[in-house]
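Content type mmCIF, C-alpha atoms, from the file input_11.cif:
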```
data_my_file
loop_
_atom_site.label_atom_id
_atom_site.label_comp_id
_atom_site.auth_asym_id
_atom_site.auth_seq_id
_atom_site.Cartn_x
_atom_site.Cartn_y
_atom_site.Cartn_z
CA MET A 1122 4.55 -71.70 -106.68
CA LEU A 1123 7.19 -71.52 -109.40
CA PRO A 1124 10.77 -70.85 -108.34
CA ILE A 1125 11.67 -67.20 -108.92
CA TYR A 1126 14.20 -67.97 -111.65
CA LEU A 1127 11.57 -69.87 -113.66
CA VAL A 1128 9.15 -66.96 -113.31
CA LEU A 1129 11.86 -64.62 -114.55
CA LEU A 1130 12.64 -66.92 -117.46
CA LEU A 1131 9.01 -66.94 -118.52
CA LEU A 1132 8.91 -63.14 -118.29
CA GLN A 1133 12.08 -62.79 -120.33
CA VAL A 1134 11.04 -65.13 -123.14
CA VAL A 1135 9.87 -62.72 -125.81
CA VAL A 1136 9.02 -63.72 -129.35
CA VAL A 1137 8.69 -60.94 -131.90
CA ARG A 1138 7.01 -62.41 -134.94
CA SER A 1139 6.30 -60.85 -138.28
CA SER A 1140 4.28 -63.61 -139.84
CA VAL A 1141 1.78 -65.87 -138.12
CA ASN A 1142 2.42 -68.44 -140.82
CA THR A 1143 6.05 -69.15 -139.98
CA LYS A 1144 6.76 -72.70 -141.18
CA LEU A 1145 8.64 -75.08 -138.94
CA GLY A 1146 8.65 -78.34 -140.83
CA ASN A 1147 11.71 -78.12 -143.07
CA PHE A 1148 14.70 -76.86 -141.12
CA THR A 1149 16.94 -79.84 -141.87
CA TYR A 1150 19.73 -79.15 -144.34
CA GLN A 1151 20.37 -81.31 -147.37
CA ALA A 1152 23.53 -83.32 -146.88
CA LEU A 1153 26.07 -83.55 -149.66
CA SER A 1154 24.79 -85.33 -152.73
CA PRO A 1155 26.76 -88.37 -153.93
CA SER A 1156 28.27 -86.26 -156.72
CA LEU A 1157 29.73 -83.88 -154.16
CA VAL A 1158 30.97 -86.50 -151.72
CA GLU A 1159 33.94 -87.26 -153.94
CA THR A 1160 34.65 -83.52 -154.19
CA LYS A 1161 34.63 -83.31 -150.40
CA GLN A 1162 37.30 -85.97 -150.06
CA GLN A 1163 39.98 -83.78 -151.60
CA PHE A 1164 39.44 -81.23 -148.82
CA LEU A 1165 39.87 -83.73 -145.99
CA ARG A 1166 43.54 -82.92 -146.04
CA THR A 1167 45.96 -84.03 -143.34
CA CYS A 1168 48.92 -81.74 -142.80
CA THR A 1169 52.38 -83.11 -142.34
CA LYS A 1170 54.07 -82.18 -139.07
CA THR A 1171 56.23 -79.67 -140.95
CA GLU A 1172 53.22 -78.06 -142.65
CA ALA A 1173 51.24 -77.84 -139.42
CA ASN A 1174 54.19 -76.25 -137.63
CA ALA A 1175 54.69 -73.67 -140.40
CA LEU A 1176 50.97 -72.79 -140.51
CA ALA A 1177 50.81 -72.38 -136.74
CA ALA A 1178 53.98 -70.28 -136.69
CA LYS A 1179 52.54 -67.95 -139.34
CA PHE A 1180 49.23 -67.71 -137.46
CA ARG A 1181 51.00 -66.79 -134.24
CA SER A 1182 53.34 -64.34 -135.96
CA LYS A 1183 50.28 -62.56 -137.38
CA GLN A 1184 49.02 -61.97 -133.81
CA ASN A 1185 46.67 -64.91 -134.31
CA ASP A 1186 45.38 -63.20 -137.46
CA ALA A 1187 43.28 -60.91 -135.22
CA SER A 1188 41.05 -63.91 -134.63
CA ASN A 1189 39.48 -62.20 -131.63
CA CYS A 1190 37.78 -59.77 -134.03
CA ALA A 1191 37.55 -61.94 -137.13
CA LYS A 1192 36.23 -60.67 -140.46
CA GLU A 1193 33.63 -63.24 -141.46
CA THR A 1194 33.71 -62.64 -145.20
CA TRP A 1195 32.76 -66.30 -145.71
CA LEU A 1196 29.16 -65.60 -144.66
CA ALA A 1197 28.37 -64.53 -148.21
CA ALA A 1198 29.69 -67.86 -149.51
CA LEU A 1199 27.59 -69.82 -147.01
CA ALA A 1200 24.47 -67.90 -148.01
CA ALA A 1201 25.17 -68.26 -151.73
CA LEU A 1202 25.56 -72.04 -151.55
CA ASP A 1203 22.57 -72.69 -149.31
CA ARG A 1204 19.10 -71.64 -150.46
CA SER A 1205 17.09 -73.77 -148.04
CA SER A 1206 13.71 -72.27 -147.23
CA ASN A 1207 14.19 -72.12 -143.46
CA LYS A 1208 16.98 -71.03 -141.13
CA PHE A 1209 17.37 -71.39 -137.38
CA MET A 1210 20.25 -69.28 -135.97
CA VAL A 1211 21.29 -69.06 -132.31
CA ASN A 1212 23.59 -66.50 -130.65
CA ILE A 1213 24.59 -67.12 -127.04
CA GLY A 1214 26.12 -63.92 -125.70
CA VAL A 1215 24.41 -61.78 -128.31
CA ASN A 1216 25.71 -58.51 -126.82
CA LYS A 1217 24.33 -55.57 -128.87
CA GLY A 1218 22.94 -57.78 -131.63
CA TYR A 1219 25.28 -57.17 -134.56
CA ASN A 1220 25.29 -60.88 -135.43
CA ILE A 1221 21.52 -60.66 -135.73
CA ALA A 1222 21.88 -57.80 -138.22
CA ASN A 1223 24.46 -59.69 -140.29
CA TRP A 1224 22.39 -62.87 -140.36
CA ILE A 1225 19.38 -60.95 -141.64
CA HIS A 1226 21.60 -59.24 -144.21
CA PHE A 1227 23.17 -62.42 -145.55
CA PHE A 1228 20.58 -65.11 -145.03
CA HIS A 1229 17.25 -63.33 -145.43
CA HIS A 1230 17.20 -60.01 -147.29
CA HIS A 1231 20.24 -57.80 -147.62
CA ASP A 1232 18.39 -54.47 -147.81
CA LEU A 1233 16.59 -55.13 -144.53
CA ALA A 1234 19.46 -54.79 -142.07
CA ASN A 1235 23.21 -54.49 -141.73
CA ALA A 1236 25.58 -53.37 -139.01
CA SER A 1237 25.24 -49.71 -139.93
CA SER A 1238 21.44 -49.64 -140.00
CA TRP A 1239 21.38 -51.60 -136.73
CA PHE A 1240 23.50 -48.91 -135.08
CA GLU A 1241 21.33 -46.12 -136.50
CA ALA A 1242 18.24 -47.83 -135.08
CA MET A 1243 20.06 -48.18 -131.76
CA LYS A 1244 20.54 -44.41 -131.62
CA VAL A 1245 16.79 -43.94 -132.09
CA VAL A 1246 15.56 -46.40 -129.48
CA LEU A 1247 18.01 -45.68 -126.66
CA PRO A 1248 16.98 -42.92 -124.23
CA PRO A 1249 18.35 -39.44 -124.99
CA THR A 1250 20.14 -39.51 -121.63
CA ILE A 1251 22.53 -42.14 -123.05
CA ASN A 1252 25.42 -40.96 -125.20
CA VAL A 1253 25.34 -43.47 -128.07
CA THR A 1254 28.94 -43.33 -129.28
CA ARG A 1255 30.31 -45.57 -132.01
CA SER A 1256 33.32 -46.39 -129.84
CA TYR A 1257 31.09 -48.06 -127.21
CA PHE A 1258 27.80 -48.96 -128.85
CA GLY A 1259 29.47 -49.88 -132.14
CA GLY A 1260 30.56 -53.17 -130.59
CA PHE A 1261 33.70 -54.30 -128.79
CA CYS A 1262 35.24 -55.17 -132.18
CA GLN A 1263 33.64 -52.16 -133.86
CA GLU A 1264 31.26 -54.40 -135.77
CA VAL A 1265 29.38 -51.27 -136.81
CA ASN A 1266 32.13 -50.72 -139.39
CA ASP A 1267 31.85 -54.17 -140.95
CA VAL A 1268 31.12 -53.93 -144.65
CA PHE A 1269 30.83 -57.13 -146.68
CA ASP A 1270 30.21 -57.77 -150.35
CA ARG A 1271 27.10 -59.85 -150.18
CA GLN A 1272 27.49 -61.38 -153.64
CA ALA A 1273 23.83 -62.34 -153.84
CA PRO A 1274 20.79 -60.91 -155.61
CA ASN A 1275 18.19 -58.75 -153.89
CA TYR A 1276 15.61 -61.31 -152.81
CA LEU A 1277 14.68 -63.49 -149.88
CA SER A 1278 17.47 -66.03 -149.47
CA SER A 1279 15.58 -67.82 -146.73
CA GLN A 1280 11.79 -67.60 -146.74
CA HIS A 1281 11.60 -68.19 -143.00
CA MET A 1282 14.31 -67.48 -140.45
CA THR A 1283 14.13 -67.84 -136.68
CA LEU A 1284 16.75 -66.00 -134.63
CA LEU A 1285 17.31 -67.00 -131.00
CA ALA A 1286 19.21 -64.35 -129.00
CA VAL A 1287 20.50 -65.38 -125.56
CA ASP A 1288 22.32 -63.22 -123.03
CA LEU A 1289 22.62 -62.87 -119.28
CA ASN A 1290 22.43 -59.08 -119.72
CA CYS A 1291 18.66 -58.63 -119.85
CA ARG A 1292 19.07 -54.95 -120.70
CA ASN A 1293 20.90 -55.85 -123.92
CA LEU A 1294 18.06 -58.14 -124.91
CA GLU A 1295 15.54 -55.37 -124.30
CA LEU A 1296 17.65 -53.12 -126.52
CA ILE A 1297 17.63 -55.74 -129.29
CA GLN A 1298 13.87 -56.14 -129.04
CA ASN A 1299 13.42 -52.37 -129.37
CA ILE A 1300 15.74 -52.21 -132.40
CA TRP A 1301 13.83 -55.07 -133.99
CA SER A 1302 10.48 -53.34 -133.44
CA HIS A 1303 11.84 -50.09 -134.88
CA LEU A 1304 13.16 -51.79 -138.02
CA GLU A 1305 9.95 -53.74 -138.50
CA LYS A 1306 7.83 -50.61 -138.15
CA ASN A 1307 9.90 -48.70 -140.69
CA THR A 1308 10.37 -51.43 -143.29
CA ARG A 1309 8.49 -50.86 -146.53
CA ASN A 1310 7.41 -53.39 -149.11
CA VAL A 1311 9.82 -54.21 -151.92
CA THR A 1312 8.98 -55.41 -155.41
CA VAL A 1313 10.73 -58.23 -157.23
CA GLY A 1314 9.20 -58.78 -160.67
CA PRO A 1315 5.43 -58.96 -160.28
CA THR A 1316 5.64 -59.69 -156.54
CA SER A 1317 5.51 -57.16 -153.72
CA PHE A 1318 6.33 -58.22 -150.18
CA ASN A 1319 7.60 -56.97 -146.85
CA PRO A 1320 11.10 -58.36 -146.13
CA PHE A 1321 10.16 -58.77 -142.46
CA ASP A 1322 7.62 -61.45 -143.37
CA GLY A 1323 8.91 -64.80 -142.21
CA LEU A 1324 11.38 -63.39 -139.67
CA SER A 1325 11.05 -64.38 -136.01
CA LEU A 1326 13.10 -63.19 -133.04
CA MET A 1327 13.19 -65.04 -129.73
CA THR A 1328 15.09 -63.67 -126.73
CA TYR A 1329 16.06 -65.56 -123.57
CA CYS A 1330 17.69 -63.93 -120.57
CA ALA A 1331 19.82 -66.69 -119.10
CA ALA A 1332 23.42 -67.57 -118.26
CA MET A 1333 24.53 -70.55 -120.34
CA SER A 1334 26.77 -73.30 -118.99
CA ASP A 1335 26.98 -77.10 -118.55
CA SER A 1336 24.60 -77.30 -115.59
CA LEU A 1337 21.42 -75.76 -114.21
CA GLY A 1338 21.11 -73.17 -111.47
CA GLU A 1339 20.57 -69.48 -110.95
CA ILE A 1340 22.65 -66.32 -110.66
CA MET A 1341 22.24 -62.66 -109.71
CA VAL A 1342 23.23 -60.25 -112.48
CA ASP A 1343 23.23 -56.46 -112.72
CA CYS A 1344 24.77 -55.18 -115.95
CA SER A 1345 24.20 -51.90 -117.78
CA VAL A 1346 22.81 -51.62 -121.29
CA GLY A 1347 25.55 -52.15 -123.87
CA ASP A 1348 27.85 -54.04 -121.47
CA GLU A 1349 29.50 -56.91 -123.39
CA LEU A 1350 31.63 -58.19 -120.49
CA CYS A 1351 28.72 -59.35 -118.36
CA LYS A 1352 29.47 -62.96 -117.42
CA ILE A 1353 28.95 -65.67 -114.83
CA GLY A 1354 32.24 -64.78 -113.15
CA ARG A 1355 30.87 -61.32 -112.38
CA ALA A 1356 28.01 -62.64 -110.25
CA GLN A 1357 26.71 -60.10 -107.76
CA SER A 1358 24.67 -60.17 -104.57
CA SER A 1359 22.04 -57.84 -106.01
CA GLY A 1360 20.32 -57.36 -109.35
CA THR A 1361 18.09 -59.67 -111.36
CA LYS A 1362 17.96 -63.37 -110.63
CA ILE A 1363 18.19 -65.34 -113.87
CA PRO A 1364 18.54 -69.05 -114.62
CA ILE A 1365 21.75 -70.87 -115.51
CA MET A 1366 20.83 -73.12 -118.45
CA THR A 1367 22.35 -75.65 -120.81
CA MET A 1368 21.83 -75.30 -124.54
CA ASP A 1369 20.47 -78.85 -124.66
CA ARG A 1370 17.69 -77.82 -122.26
CA LEU A 1371 17.08 -74.42 -123.84
CA TYR A 1372 16.83 -75.97 -127.30
CA THR A 1373 13.87 -78.08 -126.24
CA GLN A 1374 12.15 -75.10 -124.61
CA ALA A 1375 12.68 -72.91 -127.67
CA ILE A 1376 11.36 -75.52 -130.09
CA ASN A 1377 8.28 -76.10 -127.98
CA GLN A 1378 7.70 -72.34 -127.92
CA LEU A 1379 7.99 -72.17 -131.70
CA ARG A 1380 5.59 -75.02 -132.20
CA SER A 1381 3.10 -73.42 -129.86
CA LEU A 1382 3.22 -70.14 -131.77
CA SER A 1383 2.87 -71.87 -135.12
CA GLY A 1384 -0.24 -73.69 -133.97
CA ALA A 1385 1.32 -77.13 -134.21
CA SER A 1386 -0.36 -79.73 -132.05
CA SER A 1387 2.68 -81.72 -130.92
CA SER A 1388 5.77 -80.59 -129.08
CA ALA A 1389 9.44 -81.42 -129.25
CA SER A 1390 10.62 -84.25 -127.09
CA ALA A 1391 13.78 -83.85 -125.09
CA VAL A 1392 16.96 -83.69 -127.13
CA PRO A 1393 17.83 -87.24 -128.24
CA GLY A 1394 19.96 -88.82 -125.56
CA GLN A 1395 18.45 -86.64 -122.87
CA PRO A 1396 15.70 -87.84 -120.49
CA GLY A 1397 12.56 -88.38 -122.53
CA GLY A 1398 14.49 -88.59 -125.79
CA GLY A 1399 16.00 -91.58 -127.53
CA ALA A 1400 16.15 -92.72 -131.12
CA GLY A 1401 12.44 -93.52 -131.39
CA ALA A 1402 11.39 -90.19 -129.95
CA SER A 1403 13.77 -88.30 -132.22
CA ARG A 1404 12.17 -89.83 -135.31
CA ARG A 1405 8.64 -89.05 -134.15
CA ARG A 1406 9.14 -85.61 -132.75
CA PHE A 1407 10.14 -82.23 -134.10
CA HIS A 1408 13.91 -81.63 -134.02
CA PRO A 1409 14.87 -78.76 -136.35
CA GLN A 1410 18.55 -78.31 -136.94
CA ILE A 1411 20.40 -75.20 -135.79
CA ASP A 1412 22.10 -73.77 -138.86
CA MET A 1413 24.53 -71.59 -136.94
CA LEU A 1414 25.33 -71.49 -133.22
CA VAL A 1415 27.59 -68.62 -132.10
CA ILE A 1416 28.89 -68.57 -128.51
CA ASP A 1417 30.49 -65.53 -126.86
CA THR A 1418 30.47 -65.92 -123.08
CA GLU A 1419 33.75 -64.36 -121.94
CA GLY A 1420 35.62 -67.54 -121.06
CA ASN A 1421 32.65 -69.78 -120.27
CA ASP A 1422 32.42 -71.07 -123.85
CA TYR A 1423 33.95 -74.47 -123.06
CA LEU A 1424 31.23 -75.19 -120.50
CA VAL A 1425 28.54 -73.97 -122.90
CA LEU A 1426 29.85 -76.46 -125.48
CA GLN A 1427 29.65 -79.25 -122.90
CA GLY A 1428 26.09 -78.21 -122.14
CA SER A 1429 25.32 -78.58 -125.86
CA LYS A 1430 26.92 -81.99 -126.38
CA HIS A 1431 23.71 -83.87 -127.19
CA LEU A 1432 22.98 -81.37 -129.97
CA PHE A 1433 26.41 -82.05 -131.47
CA VAL A 1434 26.25 -85.81 -131.03
CA HIS A 1435 22.92 -85.91 -132.86
CA ARG A 1436 24.10 -83.49 -135.58
CA LEU A 1437 21.57 -80.83 -134.69
CA VAL A 1438 24.09 -78.02 -135.26
CA ARG A 1439 25.53 -77.41 -138.72
CA LEU A 1440 28.16 -74.84 -137.75
CA VAL A 1441 29.29 -73.65 -134.32
CA ALA A 1442 31.60 -70.72 -133.56
CA PHE A 1443 33.00 -70.05 -130.10
CA GLU A 1444 35.63 -68.05 -128.29
CA TYR A 1445 38.90 -69.57 -127.05
CA HIS A 1446 40.19 -67.61 -124.06
CA GLU A 1447 42.67 -67.02 -121.31
CA TYR A 1448 39.73 -66.26 -119.03
CA PRO A 1449 38.57 -68.95 -116.60
CA PRO A 1450 37.27 -71.55 -116.87
CA TRP A 1451 38.66 -71.87 -120.45
CA ASP A 1452 42.19 -71.57 -119.06
CA LYS A 1453 41.76 -75.01 -117.44
CA TYR A 1454 40.82 -76.85 -120.64
CA SER A 1455 42.61 -77.97 -123.78
CA LEU A 1456 41.78 -76.69 -127.24
CA ARG A 1457 43.43 -79.79 -128.72
CA GLN A 1458 41.06 -82.05 -126.82
CA THR A 1459 38.11 -79.88 -127.87
CA VAL A 1460 39.11 -80.12 -131.54
CA ASP A 1461 39.50 -83.91 -131.21
CA TRP A 1462 36.09 -84.10 -129.52
CA PHE A 1463 34.47 -82.33 -132.44
CA ASP A 1464 36.42 -84.51 -134.87
CA SER A 1465 34.90 -87.60 -133.25
CA MET A 1466 31.46 -86.17 -134.10
CA ASP A 1467 32.36 -85.45 -137.77
CA TYR A 1468 33.15 -81.74 -137.40
CA ASP A 1469 36.19 -79.97 -138.84
CA CYS A 1470 37.46 -77.02 -136.79
CA PHE A 1471 39.30 -73.86 -137.83
CA PHE A 1472 40.57 -70.66 -136.26
CA GLN A 1473 38.76 -67.65 -137.70
CA GLY A 1474 40.92 -64.86 -139.06
CA GLN A 1475 40.82 -61.82 -141.31
CA GLY A 1476 38.74 -63.16 -144.17
CA ARG A 1477 40.41 -66.57 -143.90
CA ILE A 1478 40.35 -69.62 -141.65
CA TRP A 1479 43.18 -71.78 -140.30
CA GLN A 1480 42.78 -75.55 -140.24
CA LEU A 1481 42.99 -77.26 -136.85
CA THR A 1482 41.48 -80.69 -137.47
CA ARG A 1483 44.15 -83.04 -138.93
CA CYS A 1484 46.53 -80.06 -138.88
CA TRP A 1485 47.20 -79.55 -135.18
CA ASP A 1486 50.35 -78.00 -133.76
CA ALA A 1487 51.18 -77.34 -130.10
CA GLN A 1488 51.58 -73.62 -130.85
CA TYR A 1489 47.79 -73.37 -131.04
CA GLU A 1490 47.42 -74.18 -127.33
CA PHE A 1491 48.05 -70.56 -126.33
CA HIS A 1492 44.87 -69.78 -124.35
CA GLY A 1493 44.21 -66.31 -125.75
CA TRP A 1494 41.16 -64.44 -126.95
CA SER A 1495 40.36 -65.82 -130.41
CA ASN A 1496 37.52 -67.47 -132.32
CA VAL A 1497 37.15 -71.06 -133.51
CA GLN A 1498 34.46 -72.46 -135.78
CA CYS A 1499 33.56 -76.09 -136.46
CA VAL A 1500 31.39 -77.35 -139.31
CA LEU A 1501 29.86 -80.72 -140.13
CA ARG A 1502 31.96 -82.44 -142.78
CA ASP A 1503 28.97 -83.67 -144.82
CA ASP A 1504 27.33 -80.26 -144.91
CA PRO A 1505 27.47 -78.07 -148.05
CA TRP A 1506 28.90 -75.32 -145.86
CA PHE A 1507 32.02 -77.44 -145.41
CA LEU A 1508 32.65 -77.06 -149.14
CA ALA A 1509 31.71 -73.37 -149.11
CA LEU A 1510 34.41 -72.68 -146.52
CA GLN A 1511 37.25 -74.37 -148.43
CA PRO A 1512 38.32 -71.32 -150.48
CA PHE A 1513 38.94 -69.50 -147.20
CA VAL A 1514 41.28 -72.15 -145.72
CA VAL A 1515 44.90 -70.99 -145.52
CA GLN A 1516 47.11 -73.30 -147.57
CA HIS A 1517 50.70 -74.13 -146.68
CA ALA A 1518 51.72 -73.51 -150.27
CA HIS A 1519 50.50 -69.90 -150.04
CA LEU A 1520 52.03 -68.92 -146.69
CA ALA A 1521 54.64 -66.72 -148.33
CA THR A 1522 51.89 -64.43 -149.64
CA ILE A 1523 50.36 -63.81 -146.21
#
```
Since I need it in another form, could you write the structure as structure tokens?
Amino acid sequence: MLPIYLVLLLLQVVVVRSSVNTKLGNFTYQALSPSLVETKQQFLRTCTKTEANALAAKFRSKQNDASNCAKETWLAALAALDRSSNKFMVNIGVNKGYNIANWIHFFHHHDLANASSWFEAMKVVLPPTINVTRSYFGGFCQEVNDVFDRQAPNYLSSQHMTLLAVDLNCRNLELIQNIWSHLEKNTRNVTVGPTSFNPFDGLSLMTYCAAMSDSLGEIMVDCSVGDELCKIGRAQSSGTKIPIMTMDRLYTQAINQLRSLSGASSSASAVPGQPGGGAGASRRRFHPQIDMLVIDTEGNDYLVLQGSKHLFVHRLVRLVAFEYHEYPPWDKYSLRQTVDWFDSMDYDCFFQGQGRIWQLTRCWDAQYEFHGWSNVQCVLRDDPWFLALQPFVVQHAHLATI
């Protein structure tokens, strides 16, 4: 008999698919071409001690540039530079799903969804007994009000996109599934030139109810729909028993699920470096790259990163964003050491801010070790997205204008 947490995991794995022909063979990004490598070198800047100190002082004086509720205006630049046919996006701690809406908007088809339409769908699918206010259901950072200039034409940016939503609040995942179904049902075909198509074609949503960390186990959770503060530290003696998972383990399960649904005959091996993996297995087996991994686990982000280390070591994540916090267990760990760890794996890290990012790699200052609610993102240095982010990096020469 299966352990109860495995039974629950199987019950909570839901894949909402809009096209049975979702392609899985070409997720890997194209690294920088030789002509762009030289361009990249000019952005591998190293701050002087004086510059790093001044940048950090400005960041702190701006209340950390409201990094806790960053304005990710750079998403349009990432989408504009990258027209690869497939995307694989993962959100751990998906909350009410506003990241899902923005990813569809920027990386698939901008008329299909945005934060506002996501909220309107939420009002339809939630029971009438629930008062769906913007102040609560609009997101902790009021993401419902986010308006971005997409700066891209009205067509499918990514022909196929798989979205993996993970949360330990199973009720939030059920809400996201219902919103997705509502949007899919009410989406009409659009015409571009001689071609008519449904923008939902090629979109796939996978949801996993699990608590993410650096080890395996199980936990009892009972959180209400819309609750964004549900976390491992709020474990209860009653509720739903769910698994504690690592991202390395969940990645393999998700890829095998995708291959099964696509009709592929072979499955993913374990993540390279994990049991069953290894260099030979990684070449033979299916290992799609995660384009964007966003982590929001109320202080548990450091442990989630450690539980994803094989993905980072083997460059299976292009860009990762995570919270830095005063909450435990983050309060026990060093951001400087985390930045250096990513640097050793060829990632550059930045604090997110209000439409700008603040360099941490090769520009560190002790003022950044403040353990407060904020957001950090790290990107592979040989990825085109590294170049796309450069116009958003705060420069020492321009500090006086901020």
Atom pair CA of Asp1469 in chain A / CA of Ala1191 in chain A: separation (Å): 18.2 Å
Picked residues, the PyMOL selection byres ((chain A and resi 1484) around 7), expected as a PyMOL selection string: chain A and resi 1167-1168+1173+1480-1483+1485-1486
Within 6 Å of range 1209-1213 of chain A using all atoms listed in the file, minus same-chain residues under 5 positions, as a ChimeraX atom specification: /A:1282-1287,1411-1416
Residues matched by the PyMOL selection byres ((chain A and resi 1364-1368) around 6) as a VMD selection string: chain A and resid 1126 1331 to 1339 1363 1369 to 1372 1428 to 1429
Go ahead and write the selection's residues with C-alpha atoms as a PDB file, keeping the file's coordinate frame.
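Wrote selection_26.pdb, looks like this:
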```pdb
ATOM      1  CA  TYR A1126      14.200 -67.970-111.650  1.00  0.00           C
ATOM      2  CA  ALA A1331      19.820 -66.690-119.100  1.00  0.00           C
ATOM      3  CA  ALA A1332      23.420 -67.570-118.260  1.00  0.00           C
ATOM      4  CA  MET A1333      24.530 -70.550-120.340  1.00  0.00           C
ATOM      5  CA  SER A1334      26.770 -73.300-118.990  1.00  0.00           C
ATOM      6  CA  ASP A1335      26.980 -77.100-118.550  1.00  0.00           C
ATOM      7  CA  SER A1336      24.600 -77.300-115.590  1.00  0.00           C
ATOM      8  CA  LEU A1337      21.420 -75.760-114.210  1.00  0.00           C
ATOM      9  CA  GLY A1338      21.110 -73.170-111.470  1.00  0.00           C
ATOM     10  CA  GLU A1339      20.570 -69.480-110.950  1.00  0.00           C
ATOM     11  CA  ILE A1363      18.190 -65.340-113.870  1.00  0.00           C
ATOM     12  CA  ASP A1369      20.470 -78.850-124.660  1.00  0.00           C
ATOM     13  CA  ARG A1370      17.690 -77.820-122.260  1.00  0.00           C
ATOM     14  CA  LEU A1371      17.080 -74.420-123.840  1.00  0.00           C
ATOM     15  CA  TYR A1372      16.830 -75.970-127.300  1.00  0.00           C
ATOM     16  CA  GLY A1428      26.090 -78.210-122.140  1.00  0.00           C
ATOM     17  CA  SER A1429      25.320 -78.580-125.860  1.00  0.00           C
TER      18      SER A1429
END
```
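Take CA of Glu1305 in chain A and CA of Asp1267 in chain A: the distance between them is 22.0 Å.
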d(CA of Ala1187 in chain A, CA of Gly1474 in chain A) in Å: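 Going from CA of Ala1187 in chain A over to CA of Gly1474 in chain A, I get 6.0 Å.
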Picked residues, the PyMOL selection byres ((chain A and resi 1175) around 12), expected as a PyMOL selection string: chain A and resi 1168-1174+1176-1182+1479+1484-1489+1515-1521
Restricting it to C-alpha atoms, dump the selection as a PDB file, in the frame of the given file.
```pdb
ATOM      1  CA  CYS A1168      48.920 -81.740-142.800  1.00  0.00           C
ATOM      2  CA  THR A1169      52.380 -83.110-142.340  1.00  0.00           C
ATOM      3  CA  LYS A1170      54.070 -82.180-139.070  1.00  0.00           C
ATOM      4  CA  THR A1171      56.230 -79.670-140.950  1.00  0.00           C
ATOM      5  CA  GLU A1172      53.220 -78.060-142.650  1.00  0.00           C
ATOM      6  CA  ALA A1173      51.240 -77.840-139.420  1.00  0.00           C
ATOM      7  CA  ASN A1174      54.190 -76.250-137.630  1.00  0.00           C
ATOM      8  CA  LEU A1176      50.970 -72.790-140.510  1.00  0.00           C
ATOM      9  CA  ALA A1177      50.810 -72.380-136.740  1.00  0.00           C
ATOM     10  CA  ALA A1178      53.980 -70.280-136.690  1.00  0.00           C
ATOM     11  CA  LYS A1179      52.540 -67.950-139.340  1.00  0.00           C
ATOM     12  CA  PHE A1180      49.230 -67.710-137.460  1.00  0.00           C
ATOM     13  CA  ARG A1181      51.000 -66.790-134.240  1.00  0.00           C
ATOM     14  CA  SER A1182      53.340 -64.340-135.960  1.00  0.00           C
ATOM     15  CA  TRP A1479      43.180 -71.780-140.300  1.00  0.00           C
ATOM     16  CA  CYS A1484      46.530 -80.060-138.880  1.00  0.00           C
ATOM     17  CA  TRP A1485      47.200 -79.550-135.180  1.00  0.00           C
ATOM     18  CA  ASP A1486      50.350 -78.000-133.760  1.00  0.00           C
ATOM     19  CA  ALA A1487      51.180 -77.340-130.100  1.00  0.00           C
ATOM     20  CA  GLN A1488      51.580 -73.620-130.850  1.00  0.00           C
ATOM     21  CA  TYR A1489      47.790 -73.370-131.040  1.00  0.00           C
ATOM     22  CA  VAL A1515      44.900 -70.990-145.520  1.00  0.00           C
ATOM     23  CA  GLN A1516      47.110 -73.300-147.570  1.00  0.00           C
ATOM     24  CA  HIS A1517      50.700 -74.130-146.680  1.00  0.00           C
ATOM     25  CA  ALA A1518      51.720 -73.510-150.270  1.00  0.00           C
ATOM     26  CA  HIS A1519      50.500 -69.900-150.040  1.00  0.00           C
ATOM     27  CA  LEU A1520      52.030 -68.920-146.690  1.00  0.00           C
ATOM     28  CA  ALA A1521      54.640 -66.720-148.330  1.00  0.00           C
TER      29      ALA A1521
END
```
Residue contacts of Thr1308 in chain A (9 Å, all atoms listed in the file) excluding same-chain residues fewer than 2 positions away, as a PyMOL selection string: chain A and resi 1233+1303-1306+1310+1319-1321
Please provide the set of residues having any atom within 9 Å of Arg1477 in chain A, restricted to all atoms listed in the file, with same-chain residues fewer than 5 positions apart removed, written as an mmCIF file with C-alpha atoms, in the frame of the given file.
```cif
data_model
loop_
_atom_site.group_PDB
_atom_site.id
_atom_site.type_symbol
_atom_site.label_atom_id
_atom_site.label_comp_id
_atom_site.auth_asym_id
_atom_site.auth_seq_id
_atom_site.Cartn_x
_atom_site.Cartn_y
_atom_site.Cartn_z
ATOM 1 C CA ASP A 1186 45.380 -63.200 -137.460
ATOM 2 C CA ALA A 1191 37.550 -61.940 -137.130
ATOM 3 C CA LYS A 1192 36.230 -60.670 -140.460
ATOM 4 C CA GLU A 1193 33.630 -63.240 -141.460
ATOM 5 C CA THR A 1194 33.710 -62.640 -145.200
ATOM 6 C CA TRP A 1195 32.760 -66.300 -145.710
ATOM 7 C CA PHE A 1472 40.570 -70.660 -136.260
ATOM 8 C CA LEU A 1510 34.410 -72.680 -146.520
ATOM 9 C CA PRO A 1512 38.320 -71.320 -150.480
ATOM 10 C CA PHE A 1513 38.940 -69.500 -147.200
ATOM 11 C CA VAL A 1514 41.280 -72.150 -145.720
ATOM 12 C CA VAL A 1515 44.900 -70.990 -145.520
#
```
Val1500 in chain A environment, 9 Å, only C-alpha atoms, sequence neighbours closer than 6 positions dropped, as a PyMOL selection string: chain A and resi 1438-1442+1467-1471+1506-1507
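Minimum atom-to-atom distance to Thr1328 in chain A, evaluated using only C-alpha atoms, belongs to A:Asn1290 out of A:Thr1316, A:Ser1381, A:Asn1252, A:Asn1290.
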